[in-house]
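> My file is model_27.cif. It has mmCIF, C-alpha atoms:
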data_input
#
loop_
_atom_site.group_PDB
_atom_site.id
_atom_site.type_symbol
_atom_site.label_atom_id
_atom_site.label_comp_id
_atom_site.auth_asym_id
_atom_site.auth_seq_id
_atom_site.Cartn_x
_atom_site.Cartn_y
_atom_site.Cartn_z
ATOM 1 C CA MET A 1 1.502 -68.600 13.821
ATOM 2 C CA PHE A 2 -1.696 -66.648 13.376
ATOM 3 C CA GLU A 3 -0.833 -64.836 10.133
ATOM 4 C CA SER A 4 -3.848 -63.536 8.223
ATOM 5 C CA ILE A 5 -3.192 -63.404 4.483
ATOM 6 C CA ALA A 6 -6.736 -62.675 3.387
ATOM 7 C CA THR A 7 -6.947 -64.257 -0.038
ATOM 8 C CA ALA A 8 -7.425 -67.990 -0.447
ATOM 9 C CA PRO A 9 -10.111 -69.686 1.683
ATOM 10 C CA ALA A 10 -9.356 -72.210 4.402
ATOM 11 C CA PRO A 11 -10.141 -75.861 3.650
ATOM 12 C CA THR A 12 -13.458 -77.346 4.693
ATOM 13 C CA VAL A 13 -13.363 -79.740 7.650
ATOM 14 C CA ARG A 14 -13.906 -83.331 6.602
ATOM 15 C CA VAL A 15 -14.545 -86.021 9.199
ATOM 16 C CA HIS A 16 -13.215 -89.380 8.086
ATOM 17 C CA PRO A 17 -14.747 -92.783 8.910
ATOM 18 C CA PRO A 18 -12.864 -95.168 11.198
ATOM 19 C CA LEU A 19 -9.904 -97.013 9.750
ATOM 20 C CA PRO A 20 -8.298 -100.274 10.953
ATOM 21 C CA SER A 21 -6.066 -100.124 14.014
ATOM 22 C CA ARG A 22 -2.509 -99.442 12.874
ATOM 23 C CA ALA A 23 0.890 -98.828 14.408
ATOM 24 C CA PHE A 24 3.134 -97.162 11.826
ATOM 25 C CA GLY A 25 1.326 -98.970 9.025
ATOM 26 C CA VAL A 26 1.180 -102.441 10.622
ATOM 27 C CA ALA A 27 -2.412 -103.482 11.316
ATOM 28 C CA SER A 28 -3.211 -105.107 14.649
ATOM 29 C CA LYS A 29 -6.104 -107.471 13.878
ATOM 30 C CA GLU A 30 -6.360 -108.681 17.466
ATOM 31 C CA ARG A 31 -6.725 -105.154 18.806
ATOM 32 C CA GLU A 32 -9.095 -104.259 15.992
ATOM 33 C CA ALA A 33 -11.326 -107.217 16.890
ATOM 34 C CA ARG A 34 -11.334 -106.289 20.583
ATOM 35 C CA THR A 35 -12.315 -102.728 19.741
ATOM 36 C CA ALA A 36 -15.117 -103.858 17.432
ATOM 37 C CA LEU A 37 -16.629 -106.240 19.987
ATOM 38 C CA ARG A 38 -16.305 -104.208 23.166
ATOM 39 C CA PRO A 39 -17.941 -100.845 23.879
ATOM 40 C CA THR A 40 -15.675 -98.149 25.211
ATOM 41 C CA ARG A 41 -15.148 -98.257 28.943
ATOM 42 C CA MET A 42 -16.584 -94.840 29.715
ATOM 43 C CA ASP A 43 -19.635 -95.503 27.518
ATOM 44 C CA ALA A 44 -20.192 -98.823 29.271
ATOM 45 C CA LEU A 45 -19.944 -97.235 32.712
ATOM 46 C CA ASN A 46 -22.355 -94.472 31.730
ATOM 47 C CA ARG A 47 -24.889 -96.988 30.407
ATOM 48 C CA LEU A 48 -24.756 -98.868 33.730
ATOM 49 C CA ALA A 49 -25.072 -95.668 35.744
ATOM 50 C CA THR A 50 -28.055 -95.451 38.037
ATOM 51 C CA LYS A 51 -27.987 -91.669 38.067
ATOM 52 C CA GLU A 52 -28.977 -89.372 35.210
ATOM 53 C CA GLU A 53 -28.344 -85.659 35.360
ATOM 54 C CA ARG A 54 -29.791 -83.012 33.051
ATOM 55 C CA LEU A 55 -27.809 -79.871 32.398
ATOM 56 C CA PRO A 56 -28.972 -76.312 31.614
ATOM 57 C CA PHE A 57 -26.929 -76.476 28.397
ATOM 58 C CA TRP A 58 -25.946 -78.833 25.595
ATOM 59 C CA VAL A 59 -22.415 -79.843 24.619
ATOM 60 C CA ARG A 60 -21.956 -81.025 21.049
ATOM 61 C CA LEU A 61 -19.619 -80.938 18.083
ATOM 62 C CA VAL A 62 -19.509 -77.870 15.860
ATOM 63 C CA ARG A 63 -21.276 -78.782 12.604
ATOM 64 C CA ASN A 64 -21.387 -75.589 10.539
ATOM 65 C CA GLU A 65 -20.060 -72.062 10.247
ATOM 66 C CA ALA A 66 -22.724 -70.623 12.574
ATOM 67 C CA ASP A 67 -21.687 -73.087 15.305
ATOM 68 C CA LEU A 68 -18.039 -72.231 14.770
ATOM 69 C CA ARG A 69 -18.741 -68.504 15.066
ATOM 70 C CA LYS A 70 -20.439 -69.143 18.422
ATOM 71 C CA ALA A 71 -17.397 -71.088 19.599
ATOM 72 C CA VAL A 72 -15.028 -68.360 18.417
ATOM 73 C CA HIS A 73 -17.113 -65.712 20.217
ATOM 74 C CA ILE A 74 -16.825 -67.431 23.594
ATOM 75 C CA ARG A 75 -13.169 -68.358 22.924
ATOM 76 C CA HIS A 76 -12.247 -64.722 22.304
ATOM 77 C CA ALA A 77 -14.235 -63.457 25.293
ATOM 78 C CA ALA A 78 -12.594 -65.970 27.641
ATOM 79 C CA TYR A 79 -9.072 -65.225 26.448
ATOM 80 C CA ALA A 80 -9.758 -61.474 26.607
ATOM 81 C CA ARG A 81 -10.372 -61.828 30.359
ATOM 82 C CA HIS A 82 -7.178 -63.732 31.086
ATOM 83 C CA VAL A 83 -4.747 -63.412 28.159
ATOM 84 C CA PRO A 84 -5.605 -60.150 26.359
ATOM 85 C CA ASP A 85 -2.379 -60.120 24.338
ATOM 86 C CA LEU A 86 -3.373 -63.416 22.719
ATOM 87 C CA ALA A 87 -7.109 -62.699 22.559
ATOM 88 C CA HIS A 88 -6.852 -60.146 19.759
ATOM 89 C CA GLN A 89 -5.550 -62.924 17.498
ATOM 90 C CA LEU A 90 -8.605 -65.082 18.276
ATOM 91 C CA GLN A 91 -11.423 -62.865 17.066
ATOM 92 C CA GLU A 92 -11.857 -64.958 13.926
ATOM 93 C CA PRO A 93 -11.714 -68.719 13.288
ATOM 94 C CA GLU A 94 -8.188 -70.063 13.012
ATOM 95 C CA ALA A 95 -6.929 -72.149 10.108
ATOM 96 C CA THR A 96 -6.591 -75.072 12.540
ATOM 97 C CA ASP A 97 -10.369 -75.031 13.133
ATOM 98 C CA TYR A 98 -10.855 -76.135 9.516
ATOM 99 C CA GLU A 99 -8.212 -78.854 9.365
ATOM 100 C CA ASP A 100 -8.796 -82.565 8.936
ATOM 101 C CA GLY A 101 -8.531 -84.408 12.243
ATOM 102 C CA VAL A 102 -9.815 -81.418 14.236
ATOM 103 C CA VAL A 103 -13.165 -81.018 15.997
ATOM 104 C CA VAL A 104 -14.485 -78.095 18.033
ATOM 105 C CA LEU A 105 -16.783 -78.624 21.027
ATOM 106 C CA LEU A 106 -19.504 -76.101 21.783
ATOM 107 C CA ALA A 107 -21.549 -75.668 24.962
ATOM 108 C CA GLU A 108 -24.670 -73.583 24.418
ATOM 109 C CA SER A 109 -27.506 -72.516 26.680
ATOM 110 C CA LYS A 110 -30.853 -74.302 26.453
ATOM 111 C CA LEU A 111 -32.550 -71.046 27.383
ATOM 112 C CA ASP A 112 -31.430 -68.838 24.518
ATOM 113 C CA GLY A 113 -28.787 -70.739 22.535
ATOM 114 C CA SER A 114 -25.987 -68.451 23.661
ATOM 115 C CA PRO A 115 -22.466 -69.957 23.756
ATOM 116 C CA LEU A 116 -21.176 -70.876 27.206
ATOM 117 C CA GLY A 117 -17.945 -72.707 26.455
ATOM 118 C CA THR A 118 -15.765 -74.317 23.834
ATOM 119 C CA ALA A 119 -12.703 -76.488 23.370
ATOM 120 C CA ARG A 120 -10.817 -77.825 20.354
ATOM 121 C CA ILE A 121 -9.465 -81.351 19.918
ATOM 122 C CA GLN A 122 -6.729 -82.034 17.370
ATOM 123 C CA SER A 123 -5.555 -85.554 16.565
ATOM 124 C CA ASN A 124 -2.162 -86.518 15.172
ATOM 125 C CA ARG A 125 -3.654 -88.455 12.280
ATOM 126 C CA PHE A 126 -2.853 -85.885 9.602
ATOM 127 C CA ARG A 127 -0.046 -83.859 11.136
ATOM 128 C CA ALA A 128 1.913 -83.402 14.327
ATOM 129 C CA LEU A 129 0.097 -81.860 17.284
ATOM 130 C CA SER A 130 0.366 -78.113 17.731
ATOM 131 C CA VAL A 131 2.309 -78.571 20.969
ATOM 132 C CA GLU A 132 5.043 -80.311 18.951
ATOM 133 C CA GLN A 133 6.027 -76.974 17.464
ATOM 134 C CA SER A 134 7.583 -76.217 20.829
ATOM 135 C CA VAL A 135 8.518 -79.517 22.499
ATOM 136 C CA GLU A 136 9.617 -82.990 21.553
ATOM 137 C CA LEU A 137 7.204 -85.447 23.085
ATOM 138 C CA PRO A 138 8.678 -88.361 25.074
ATOM 139 C CA ALA A 139 9.933 -91.300 23.021
ATOM 140 C CA TRP A 140 7.390 -93.661 24.608
ATOM 141 C CA MET A 141 4.646 -91.733 22.774
ATOM 142 C CA ASP A 142 6.077 -92.495 19.328
ATOM 143 C CA GLY A 143 3.482 -94.272 17.201
ATOM 144 C CA MET A 144 0.669 -93.584 19.659
ATOM 145 C CA HIS A 145 -2.735 -92.255 18.746
ATOM 146 C CA LEU A 146 -2.662 -88.814 20.388
ATOM 147 C CA ALA A 147 -4.970 -85.844 20.705
ATOM 148 C CA GLU A 148 -4.381 -82.361 22.057
ATOM 149 C CA VAL A 149 -7.084 -80.304 23.749
ATOM 150 C CA THR A 150 -6.643 -76.568 23.167
ATOM 151 C CA ARG A 151 -8.545 -73.288 23.095
ATOM 152 C CA LEU A 152 -10.608 -74.070 26.186
ATOM 153 C CA GLY A 153 -12.810 -71.074 26.880
ATOM 154 C CA ILE A 154 -15.798 -70.671 29.204
ATOM 155 C CA VAL A 155 -18.084 -68.020 30.625
ATOM 156 C CA GLY A 156 -17.224 -66.607 34.021
ATOM 157 C CA GLY A 157 -18.788 -67.454 37.377
ATOM 158 C CA THR A 158 -20.286 -70.627 38.820
ATOM 159 C CA MET A 159 -21.808 -71.668 35.493
ATOM 160 C CA GLY A 160 -18.387 -71.484 33.892
ATOM 161 C CA ARG A 161 -16.934 -73.995 36.356
ATOM 162 C CA LEU A 162 -19.678 -76.483 35.536
ATOM 163 C CA VAL A 163 -19.299 -75.893 31.799
ATOM 164 C CA LYS A 164 -15.554 -76.501 32.019
ATOM 165 C CA THR A 165 -16.030 -79.813 33.828
ATOM 166 C CA VAL A 166 -18.646 -80.982 31.329
ATOM 167 C CA LEU A 167 -16.445 -79.982 28.375
ATOM 168 C CA ILE A 168 -13.620 -82.067 29.834
ATOM 169 C CA LYS A 169 -15.968 -85.046 30.235
ATOM 170 C CA ALA A 170 -17.097 -84.571 26.628
ATOM 171 C CA ALA A 171 -13.479 -84.452 25.472
ATOM 172 C CA PHE A 172 -12.733 -87.705 27.329
ATOM 173 C CA GLN A 173 -15.754 -89.365 25.715
ATOM 174 C CA TYR A 174 -14.752 -88.175 22.261
ATOM 175 C CA CYS A 175 -11.156 -89.329 22.708
ATOM 176 C CA GLU A 176 -12.195 -92.769 23.926
ATOM 177 C CA ARG A 177 -14.664 -93.296 21.086
ATOM 178 C CA GLN A 178 -12.002 -92.294 18.563
ATOM 179 C CA GLY A 179 -9.391 -94.650 19.992
ATOM 180 C CA ILE A 180 -7.140 -91.949 21.422
ATOM 181 C CA GLU A 181 -4.506 -93.430 23.725
ATOM 182 C CA GLN A 182 -3.145 -90.250 25.319
ATOM 183 C CA ALA A 183 -4.910 -86.891 25.616
ATOM 184 C CA ILE A 184 -2.512 -83.962 25.934
ATOM 185 C CA ALA A 185 -3.384 -80.630 27.528
ATOM 186 C CA ALA A 186 -1.160 -77.689 28.313
ATOM 187 C CA GLY A 187 -2.114 -75.372 31.145
ATOM 188 C CA ARG A 188 -0.714 -72.099 32.337
ATOM 189 C CA ALA A 189 -0.809 -71.353 36.062
ATOM 190 C CA PRO A 190 -3.196 -71.852 37.810
ATOM 191 C CA ILE A 191 -5.151 -73.860 35.187
ATOM 192 C CA ASP A 192 -2.471 -76.552 35.253
ATOM 193 C CA ARG A 193 -3.560 -77.475 38.783
ATOM 194 C CA HIS A 194 -7.010 -78.434 37.515
ATOM 195 C CA TYR A 195 -5.484 -80.916 35.058
ATOM 196 C CA GLU A 196 -3.231 -82.218 37.814
ATOM 197 C CA GLN A 197 -6.258 -82.800 40.049
ATOM 198 C CA LEU A 198 -7.821 -84.878 37.249
ATOM 199 C CA LEU A 199 -4.678 -87.083 37.293
ATOM 200 C CA PHE A 200 -3.040 -85.684 34.181
ATOM 201 C CA GLU A 201 0.702 -86.315 34.449
ATOM 202 C CA ASP A 202 3.409 -83.776 33.720
ATOM 203 C CA LEU A 203 5.386 -84.882 30.663
ATOM 204 C CA PHE A 204 8.338 -82.676 31.570
ATOM 205 C CA PRO A 205 8.442 -82.507 35.386
ATOM 206 C CA ALA A 206 12.095 -81.466 35.454
ATOM 207 C CA THR A 207 11.482 -78.635 32.992
ATOM 208 C CA GLY A 208 8.276 -77.236 34.430
ATOM 209 C CA PHE A 209 6.571 -74.489 32.463
ATOM 210 C CA ILE A 210 7.483 -74.284 28.772
ATOM 211 C CA PRO A 211 6.726 -71.379 26.373
ATOM 212 C CA LEU A 212 4.400 -72.666 23.642
ATOM 213 C CA ALA A 213 4.332 -71.128 20.180
ATOM 214 C CA HIS A 214 0.640 -71.868 19.583
ATOM 215 C CA ALA A 215 -0.267 -70.237 22.910
ATOM 216 C CA GLY A 216 1.402 -66.883 22.394
ATOM 217 C CA ASN A 217 4.712 -68.177 23.803
ATOM 218 C CA LEU A 218 3.215 -68.141 27.291
ATOM 219 C CA PRO A 219 4.673 -70.694 29.745
ATOM 220 C CA HIS A 220 2.545 -73.839 30.084
ATOM 221 C CA ARG A 221 2.873 -77.227 31.753
ATOM 222 C CA VAL A 222 2.494 -79.939 29.125
ATOM 223 C CA MET A 223 0.488 -82.803 30.608
ATOM 224 C CA ALA A 224 -1.022 -86.087 29.422
ATOM 225 C CA PHE A 225 -3.874 -88.379 30.444
ATOM 226 C CA ASP A 226 -3.964 -92.099 29.663
ATOM 227 C CA ILE A 227 -7.498 -92.590 28.364
ATOM 228 C CA ASP A 228 -7.858 -96.352 28.783
ATOM 229 C CA SER A 229 -6.728 -96.481 32.414
ATOM 230 C CA GLY A 230 -8.498 -93.271 33.475
ATOM 231 C CA PRO A 231 -11.574 -94.771 35.191
ATOM 232 C CA ALA A 232 -9.465 -97.385 37.016
ATOM 233 C CA ARG A 233 -7.026 -94.736 38.268
ATOM 234 C CA TRP A 234 -9.895 -92.537 39.464
ATOM 235 C CA GLN A 235 -11.385 -95.567 41.226
ATOM 236 C CA GLN A 236 -8.103 -96.442 42.898
ATOM 237 C CA ALA A 237 -7.625 -92.860 44.047
ATOM 238 C CA GLN A 238 -11.256 -92.621 45.223
ATOM 239 C CA HIS A 239 -11.361 -89.503 43.088
ATOM 240 C CA PRO A 240 -14.321 -87.138 43.604
ATOM 241 C CA ALA A 241 -14.681 -86.847 39.811
ATOM 242 C CA LEU A 242 -15.337 -90.579 39.362
ATOM 243 C CA ASN A 243 -19.105 -90.432 39.854
ATOM 244 C CA PHE A 244 -19.536 -87.409 37.590
ATOM 245 C CA PHE A 245 -17.362 -88.726 34.773
ATOM 246 C CA CYS A 246 -18.142 -92.445 34.890
ATOM 247 C CA HIS A 247 -21.279 -93.177 36.905
ATOM 248 C CA THR A 248 -23.604 -90.345 35.886
ATOM 249 C CA ARG A 249 -25.336 -90.210 32.514
ATOM 250 C CA HIS A 250 -25.443 -86.778 30.909
ATOM 251 C CA PRO A 251 -27.808 -87.018 27.920
ATOM 252 C CA ASP A 252 -27.050 -83.396 27.060
ATOM 253 C CA ILE A 253 -23.520 -84.357 25.968
ATOM 254 C CA ASP A 254 -23.661 -85.396 22.316
ATOM 255 C CA MET A 255 -20.336 -86.637 20.982
ATOM 256 C CA GLY A 256 -21.547 -88.926 18.283
ATOM 257 C CA PRO A 257 -21.988 -90.255 15.793
ATOM 258 C CA VAL A 258 -19.412 -87.859 14.439
ATOM 259 C CA PRO A 259 -21.045 -85.717 11.724
ATOM 260 C CA VAL A 260 -19.537 -84.813 8.397
ATOM 261 C CA HIS A 261 -18.709 -81.169 8.848
ATOM 262 C CA ASP A 262 -19.760 -78.996 5.956
ATOM 263 C CA LEU A 263 -18.141 -75.753 7.016
ATOM 264 C CA PRO A 264 -17.988 -73.243 4.196
ATOM 265 C CA ALA A 265 -14.697 -71.584 3.394
ATOM 266 C CA SER A 266 -13.743 -68.824 5.789
ATOM 267 C CA ASN A 267 -11.712 -65.736 5.018
ATOM 268 C CA LYS A 268 -8.651 -67.554 6.311
ATOM 269 C CA PRO A 269 -6.053 -68.606 3.745
ATOM 270 C CA ALA A 270 -5.399 -72.227 2.904
ATOM 271 C CA VAL A 271 -1.883 -72.193 4.295
ATOM 272 C CA VAL A 272 0.311 -75.245 3.993
ATOM 273 C CA ALA A 273 2.285 -75.047 7.203
ATOM 274 C CA PRO A 274 5.980 -75.895 7.043
ATOM 275 C CA THR A 275 7.137 -78.964 8.904
ATOM 276 C CA PRO A 276 7.458 -77.773 12.515
ATOM 277 C CA ARG A 277 10.548 -78.232 14.599
ATOM 278 C CA ARG A 278 10.480 -79.691 18.078
ATOM 279 C CA VAL A 279 12.869 -78.804 20.835
ATOM 280 C CA SER A 280 14.170 -81.598 23.005
ATOM 281 C CA ALA A 281 15.471 -81.243 26.529
ATOM 282 C CA SER A 282 18.910 -80.569 25.073
ATOM 283 C CA GLY A 283 17.528 -77.652 23.071
ATOM 284 C CA ARG A 284 18.322 -79.239 19.693
ATOM 285 C CA GLY A 285 15.534 -79.121 17.134
ATOM 286 C CA ARG A 286 14.844 -81.886 14.651
ATOM 287 C CA GLU A 287 12.440 -82.330 11.769
ATOM 288 C CA LEU A 288 9.274 -84.221 12.576
ATOM 289 C CA PRO A 289 8.938 -87.552 10.773
ATOM 290 C CA PRO A 290 5.598 -88.370 9.116
ATOM 291 C CA ARG A 291 3.260 -89.682 11.810
ATOM 292 C CA MET A 292 0.778 -92.475 11.251
ATOM 293 C CA SER A 293 -1.972 -93.323 13.679
ATOM 294 C CA ASN A 294 -2.658 -96.522 15.570
ATOM 295 C CA ARG A 295 -6.388 -96.115 15.014
ATOM 296 C CA ALA A 296 -8.728 -93.858 13.161
ATOM 297 C CA PHE A 297 -9.656 -90.325 14.120
ATOM 298 C CA ALA A 298 -12.295 -87.939 13.075
#
Using structure tokens, write down the structure that the file contains.

Amino acid sequence: MFESIATAPAPTVRVHPPLPSRAFGVASKEREARTALRPTRMDALNRLATKEERLPFWVRLVRNEADLRKAVHIRHAAYARHVPDLAHQLQEPEATDYEDGVVVLLAESKLDGSPLGTARIQSNRFRALSVEQSVELPAWMDGMHLAEVTRLGIVGGTMGRLVKTVLIKAAFQYCERQGIEQAIAAGRAPIDRHYEQLLFEDLFPATGFIPLAHAGNLPHRVMAFDIDSGPARWQQAQHPALNFFCHTRHPDIDMGPVPVHDLPASNKPAVVAPTPRRVSASGRGRELPPRMSNRAFA
């Protein structure tokens, strides 16, 4: 998956403006109107929050090649600590980093600008999610506006735990603003427990850990989080994360407006990936149909 044929450059990331709400090409004017008139739930809760918390770092979207190199540096260092066999393939930006419908988050220190953490969010607007190379998502997700969070990497120690939590909050904010319905994350042990604690649900509870092609074939639990109902479910569960995620303003998280990325070409080739095959519970692969989004992504 990480072939390096060092000739043609990778495509520049382009962030597209919002499009009308659609479900397999059929516009939903009622839903579109609701979205236009109502602020996102997490944004609304944060605006009403009585508490504001400043962080010793910023979290923002990667906007240029220098930002991306910072993200790749911390990504490689984090994987080198925990998954060294995969880390050597992550020393340079990946072709996915430059694709349409993909953004990279970067946490960097206010003190010296050094990178502290990163994560990548890929939507299914332009192609199937990376996880769909290895699994067939449940039928109830067909036609949904999905995003997959991958390549989460942070510094070690106490600061790293805070950075990870803030990156997850930033990812939730980005997904909600972009109209994502389900956020998918795959975690190897013991990282999967952190997603479980945040009320992500296992998409394949009977299967358990599944080897994923885009994660070095390491076993992961594939989990999903319903974005719209998240705050209500945290409230109902009296979740300790509720105040941090929904009732505390963090001005140092900057998820928008989404910039137009002007990343120059990297030394990665512009590879047109073949249509991936998914594996269902029965083990039979099938070709992925073209996927259209319910709403617009960047």
> Determine the nearest neighbour of Val102 (chain A) from the options A:Glu148, A:Asp85, A:Glu136, A:Asp67, counting all atoms listed in the file.
A:Glu148
> I'd like to know which of A:His145, A:Lys169, A:Arg81, A:His220 is closest to Gly101 (chain A), using all atoms listed in the file.
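Using all atoms listed in the file, the shortest distance to Gly101 (chain A) belongs to A:His145.
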> Smallest atom-to-atom distance to Asp112 (chain A): which of A:Leu86, A:Leu146, A:Leu162, A:Phe57, using all atoms listed in the file?
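Among the listed residues, A:Phe57 lies closest to Asp112 (chain A).
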> Taking every listed atom of region 230-239 of chain A and adding 3 Å to each side, what centre and edge lengths in Å (one decimal) does the axis-aligned box have, as lines of an AutoDock Vina configuration file?

center_x = -9.3
center_y = -93.4
center_z = 39.3
size_x = 10.5
size_y = 13.9
size_z = 17.7
> List the residues matched by the PyMOL selection byres ((chain A and resi 170) around 12) in the displayed structure as number ranges by chain, ordered by chain and then by residue number.
A: 42-43, 58-61, 103-107, 117-121, 149, 163-169, 171-177, 244-246, 249-256
> List every residue of region 64-178 of chain A that has an atom at most 9 Å from any atom of region 203-210 of chain A, giving for each one its closest atom pair and the distance in Å to one decimal, counting only C-alpha atoms, sorted by chain and then by ascending residue number, as JSON lines.

{"residue": "A:Ser134", "atom": "CA", "partner": "A:Ile210", "partner_atom": "CA", "distance": 8.2}
{"residue": "A:Val135", "atom": "CA", "partner": "A:Ile210", "partner_atom": "CA", "distance": 8.2}
{"residue": "A:Leu137", "atom": "CA", "partner": "A:Leu203", "partner_atom": "CA", "distance": 7.8}
{"residue": "A:Pro138", "atom": "CA", "partner": "A:Leu203", "partner_atom": "CA", "distance": 7.4}
> Can I get the selected residues back with C-alpha atoms, as a compact mmCIF listing (two decimals), in the frame of the given file?

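Saved the output as part_18.txt:
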# COMPACT_ATOMS: atom_id res chain seq x y z
CA SER A 134 7.58 -76.22 20.83
CA VAL A 135 8.52 -79.52 22.50
CA LEU A 137 7.20 -85.45 23.08
CA PRO A 138 8.68 -88.36 25.07
> With only C-alpha atoms as the atoms that count, which of A:Ala186, A:Glu201, A:Pro231, A:Pro240 lies nearest to Val131 (chain A)?
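Once distances to Val131 (chain A) are computed over only C-alpha atoms, the minimum belongs to A:Ala186.
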> Let me know the residues the PyMOL selection byres ((chain A and resi 70) around 12) catches in the file above, as a count of residues only.
34
> In Å, rounded to a single decimal, give me how far CA of Ala213 (chain A) is from CA of Tyr98 (chain A).
19.2 Å
> Quick one: pull the distance between CA of Met223 (chain A) and CA of Phe200 (chain A), Å, one decimal.
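Between CA of Met223 (chain A) and CA of Phe200 (chain A) the gap works out to 5.8 Å.
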> Output the residue selection produced by the PyMOL selection byres ((chain A and resi 183) around 8) on the file above, formatted as a ChimeraX atom specification.
/A:146-149,175,180-182,184-185,224-227
